[in-house]
Every structure is written in structure tokens, then in C-alpha cells.
file input.cif (mmCIF, C-alpha atoms)
data_entry
loop_
_atom_site.label_atom_id
_atom_site.label_comp_id
_atom_site.auth_asym_id
_atom_site.auth_seq_id
_atom_site.Cartn_x
_atom_site.Cartn_y
_atom_site.Cartn_z
CA MET Y 1167 -11.09 -1.70 14.68
CA LYS Y 1168 -10.49 -4.96 16.57
CA ARG Y 1169 -7.94 -5.72 19.27
CA ALA Y 1170 -5.65 -8.74 19.12
CA THR Y 1171 -2.80 -10.02 21.19
CA VAL Y 1172 0.29 -10.73 19.12
CA TYR Y 1173 3.56 -12.08 20.47
CA PHE Y 1174 6.73 -10.89 18.74
CA GLU Y 1175 10.24 -12.16 19.00
CA GLU Y 1176 12.25 -9.67 21.07
CA ASP Y 1177 14.36 -8.41 18.16
CA LEU Y 1178 11.31 -7.89 15.94
CA HIS Y 1179 9.51 -6.02 18.70
CA ARG Y 1180 12.54 -3.80 19.27
CA ALA Y 1181 12.76 -3.09 15.53
CA LEU Y 1182 9.05 -2.25 15.38
CA LYS Y 1183 9.31 0.14 18.31
CA MET Y 1184 12.37 1.83 16.80
CA LYS Y 1185 10.65 2.19 13.41
CA SER Y 1186 7.52 3.43 15.12
CA ALA Y 1187 9.46 6.17 16.92
CA GLU Y 1188 11.43 7.05 13.79
CA ILE Y 1189 8.35 7.68 11.65
CA SER Y 1190 6.00 8.79 14.46
CA SER Y 1191 3.50 6.06 13.70
CA PRO Y 1192 1.98 3.54 16.12
CA VAL Y 1193 3.26 -0.03 16.07
CA SER Y 1194 -0.29 -1.17 15.27
CA ASP Y 1195 -0.22 0.89 12.04
CA LEU Y 1196 3.08 -0.72 11.04
CA VAL Y 1197 1.68 -4.19 11.72
CA ASN Y 1198 -1.57 -3.44 9.87
CA ASP Y 1199 0.40 -2.16 6.86
CA ALA Y 1200 2.66 -5.23 6.85
CA VAL Y 1201 -0.27 -7.65 7.07
CA ARG Y 1202 -2.18 -5.76 4.37
CA SER Y 1203 0.89 -5.88 2.11
CA ALA Y 1204 1.34 -9.62 2.67
CA LEU Y 1205 -2.33 -10.31 1.93
CA LEU Y 1206 -2.18 -8.19 -1.22
CA LYS Y 1207 0.84 -10.18 -2.42
CA ASP Y 1208 -1.05 -13.42 -1.73
CA ALA Y 1209 -4.04 -12.11 -3.70
CA GLU Y 1210 -1.76 -11.20 -6.62
CA ASP Y 1211 -0.17 -14.66 -6.52
CA LEU Y 1212 -3.59 -16.33 -6.51
CA GLU Y 1213 -4.67 -14.23 -9.48
CA ALA Y 1214 -1.51 -15.20 -11.38
CA PHE Y 1215 -2.20 -18.88 -10.65
CA LYS Y 1216 -5.76 -18.47 -11.89
CA GLU Y 1217 -4.58 -16.79 -15.10
CA ARG Y 1218 -2.23 -19.71 -15.78
CA GLU Y 1219 -4.51 -22.58 -14.77
CA HIS Y 1220 -5.11 -23.64 -18.38
CA GLU Y 1221 -1.44 -23.76 -19.35
CA PRO Y 1222 -0.06 -27.23 -19.97
CA VAL Y 1223 1.73 -28.85 -17.07
CA ILE Y 1224 5.20 -30.19 -17.75
CA ASP Y 1225 7.14 -32.45 -15.45
CA PHE Y 1226 10.37 -30.84 -14.20
CA GLU Y 1227 12.49 -33.83 -15.18
CA ALA Y 1228 10.97 -33.81 -18.67
CA PHE Y 1229 11.65 -30.08 -18.96
CA VAL Y 1230 15.30 -30.51 -17.98
CA ALA Y 1231 15.62 -33.42 -20.40
CA SER Y 1232 14.20 -31.26 -23.21
CA LEU Y 1233 16.69 -28.49 -22.44
CA LYS Y 1234 19.50 -31.02 -22.56
CA LYS Y 1235 18.19 -32.50 -25.84
CA ASP Y 1236 18.01 -29.03 -27.40
CA GLY Y 1237 21.58 -28.30 -26.32
CA LYS Y 1238 20.56 -25.56 -23.90
CA LEU Y 1239 22.19 -27.29 -20.93
#
call {"tool": "encode", "arguments": {"input": "input.cif", "output": "C-alpha cells"}}
result
Amino acid sequence: MKRATVYFEEDLHRALKMKSAEISSPVSDLVNDAVRSALLKDAEDLEAFKEREHEPVIDFEAFVASLKKDGKL
């Protein structure tokens, strides 16, 4: 495990310490879990982008115009 210095806003630090005491878990575990969760979400997003990379690209204005033309707006 590696050490790092992280600076939190006062209210976030207070919330972390309160949560830490509530669930009897170190603040570092809470931070590690939060970072891991954020990275996992990023990985899922990147995978979704990769899966859709061959889909046709449509301009937003053209899409809105097509909705209007089809009477869906």
C-alpha cells in the first residue's frame, strides 16, 4: 500500500470522519472504495464508447430537425 497526502474540503473531511466512525472503517478505506468505484465507472463508460464506436454519427441539429419533420416535437 502507498501513502499519499490528500487535502479535503472541511465539510467533506468531517463527513468522511463521521462515516468512518459510524461504520468502524478507516477513512483511507472509504477513500480507496470511492476512488475504485469512480475508476470502475470510467472503465464501464470507456467500454460503452468502444462498443458504439462504429455507430453512425448524427449532428444534434439534424437530429432535432428530423424529430420535428416526423412530428415528434
call {"tool": "closest_residue", "arguments": {"input": "input.cif", "among": "Y:Met1167, Y:Asp1225, Y:Lys1216, Y:Leu1178", "to": "Asp1195 in chain Y", "atoms": "only C-alpha atoms"}}
result
Y:Met1167
call {"tool": "residues_around", "arguments": {"input": "input.cif", "residues": "range 1198-1209 of chain Y", "least_positions_apart": "5", "cutoff": "12 Å", "atoms": "all atoms listed in the file", "output": "ChimeraX atom specification"}}
result
/Y:1167-1170,1172,1182,1191-1193,1214-1216
call {"tool": "atom_distance", "arguments": {"input": "input.cif", "atom1": "CA of Leu1196 in chain Y", "atom2": "CA of Glu1213 in chain Y"}}
result
25.8 Å
call {"tool": "atom_distance", "arguments": {"input": "input.cif", "atom1": "CA of Lys1183 in chain Y", "atom2": "CA of Val1197 in chain Y"}}
result
11.0 Å
call {"tool": "atom_distance", "arguments": {"input": "input.cif", "atom1": "CA of Glu1227 in chain Y", "atom2": "CA of Leu1212 in chain Y"}}
result
25.3 Å
